[in-house]
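Take a look at the structure set out below.
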Amino acid sequence: MFAPWPLRSGPLPGGSENRWRNTRIVLRDAGALVALTGALMLLPLLVSLVSGEYFSVASFAIAAAVTASAGSLTYRACRDAPEPSRRHAMLIAATGWLACACFGALPYLIAGHITADEAARALSIDGGSSPSSLIHFRNPLHALFESMSGFTTTGLSMAVHEPTLGYGLLFYRSLTQWVGGAGVIVLSLAIIPRPQINGVLELYQSETAGMKVRPGILGTARAIWSVYLGLTLLAAAFLAIATFVFVPDMGLIEGVFHAVNHAMTGLATGGFSTLDDSIAGYRSYAMEMAHLAPMLIGAIALPLHYKFLRGRRWGILWRDPQFRLLCLMCLGGAPLLSALLRGNPGVPDPIREGIFQFVSGLTGTGWQTSNIAVWNSGSLLVMAWCAMFVSGSAGSTVGGVKLIRAYLVGRAVIRQVQRIFLPQGSVLPFRVGERNLSASDAHREVADAASFCLLYAVILMASVLATAQVLGDRFSLGAIMFECSSAQGTVGLSSGITDPGMPALIEVLFILQMWVGRLEIFPVLILLTALCSRRARG
């Protein structure tokens, strides 16, 4: 979500007493987020129990007990700490999300180690000749990668054959993306009572743009999650009906399971799938087109959904500049990508694949229906820079620099060109949606947007250079830029680099990119600044 944090935020006040006070504030709220993560693990535990996957039941039970205990003990030990300030809130966001991802890796890691070989073979898609993807999660780094990809709604995966994970872990992957979509902190504010509300605003702004749809922050958090839940239920019903109509051979329970999971990951613009070949696993053009709807809905700002549902007028949507830009980019980008894919022998249906993949990249969802590894460099770069770099709306569940920043920078460029042809001293209005900005406000918002875009691009280019240095000639520069853009933009499309056999250094780099991309850089920078300043003081 769009949160234009100022670069001038400095380190927290020094002194051993102040450092301990600051640490307790961060630990208390990060502990609450970890405890909430442990409680959420009970839902996939029930799914595993119903589906008879008893090794998964044990893995979730152990992971939930460890996670909830660690979070609760940390929270109780620091519960009398003061309420957070803005800088504390950014530290809580960076620390809390990292902690949730680390503890969220436990179900994968435990299941990978305790699942018996016979049970793993029973999950195999070809009668046991191909091993279950559970074996990949015996590596703690792979488990952390999967967890971070889930909570940040990225979708890059270490699961080579997703169905071999079992229903419980498949549902858990979708749940982490669904929770991560609207935000762990926003969820905690919506359901966990807080005796004091002084720090609620800072916590809310640390994960969102501070966009309020109700007078109070707690009411706003609950409204956002109500809309999010309602849209997910509607998407699940829509996809279930589409499955029964277009894929009638799929069983009732299996069809509903896929629909629910894809509704969660689609609205979260996450991209995890329960099928072996993502949405292409349906083997149905109609099902691919049906899945465009949840992707596009997920890329629209949640506050805008709230306003539309209350007003029920289409003009509410069209007056939003991000919505208009999203529509225009889809109408222009999808045909462009389809044209670039024409003549590629590895792309049998360039129009079909071009439309789906551009929408998937622009919305940050990452569902894949094309073999991107065989795309030419032009197609890869169009996806990387025109879709995944920008992504969807601020206030939605997407990553990337957001449409509003691209809109502001683009308007500023057009404004500068217009000045050349106007008399000196002319005043040009600067309107963003329903807001008329003064010259100072416009300058500040454009400067914030341009600064973020520049910093985002610098980090992305550094990641591309590091990845190219490690991989050498194994992949083209276009494929490397595509994969790095996908990781940092929390998209999840892959050109073939992400794999259990990838170098550990690249895997760590992608984990960091996903973390930084989801939190929009500044909370992570504030955390690193605080850690470095503490180390410098000794």
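The way I read the labels, and the way they are meant: chains A, B, ... in the order of the structure tokens, residue 1 as the first residue of every chain, and ligand 1 as the first ligand shown, with later ones counted on from there.
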Could you produce a table of the residues of range 483-510 of chain A lying within 8 Å of range 462-474 of chain A, with the nearest pair of atoms per residue and their separation in Å rounded to one decimal, using only C-alpha atoms, ordered by chain and increasing residue number, as CSV?
residue,atom,partner,partner_atom,distance
A:Cys484,CA,A:Val464,CA,6.2
A:Pro503,CA,A:Val470,CA,7.9
A:Ile506,CA,A:Thr467,CA,6.3
A:Leu509,CA,A:Ser463,CA,7.3
### Query
Counting only C-alpha atoms, what is within 9 Å of range 132-148 of chain A, bar same-chain residues fewer than 6 positions away, as a PyMOL selection string?
chain A and resi 97-98+100-113+115+120-125+154-165+173+176+500+504+507-508+510-512+514-515
### Query
Suppose you want the space between CA of Ala301 in chain A and CA of Ala35 in chain A; what is it in Å?
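Result for CA of Ala301 in chain A versus CA of Ala35 in chain A: 28.1 Å, one decimal.
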### Query
Where does DSSP see helix (DSSP H, G or I) in range 242-442 of chain A, if you list the residues as a count of residues only?
123
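For the set A:Leu46, A:Asp349, A:Leu229, A:Ser273, the residue with the smallest atom-to-atom gap to Tyr285 in chain A is A:Asp349, counting only C-alpha atoms.
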### Neighbour list for Tyr172 in chain A as a ChimeraX atom specification, cut-off 8 Å, only C-alpha atoms, skip fewer than 2 positions in-chain
/A:41,43-44,168-170,174-176
### Query
Do you have the CA of Val50 in chain A-CA of Tyr167 in chain A distance handy?
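Calculated distance between CA of Val50 in chain A and CA of Tyr167 in chain A is 9.4 Å.
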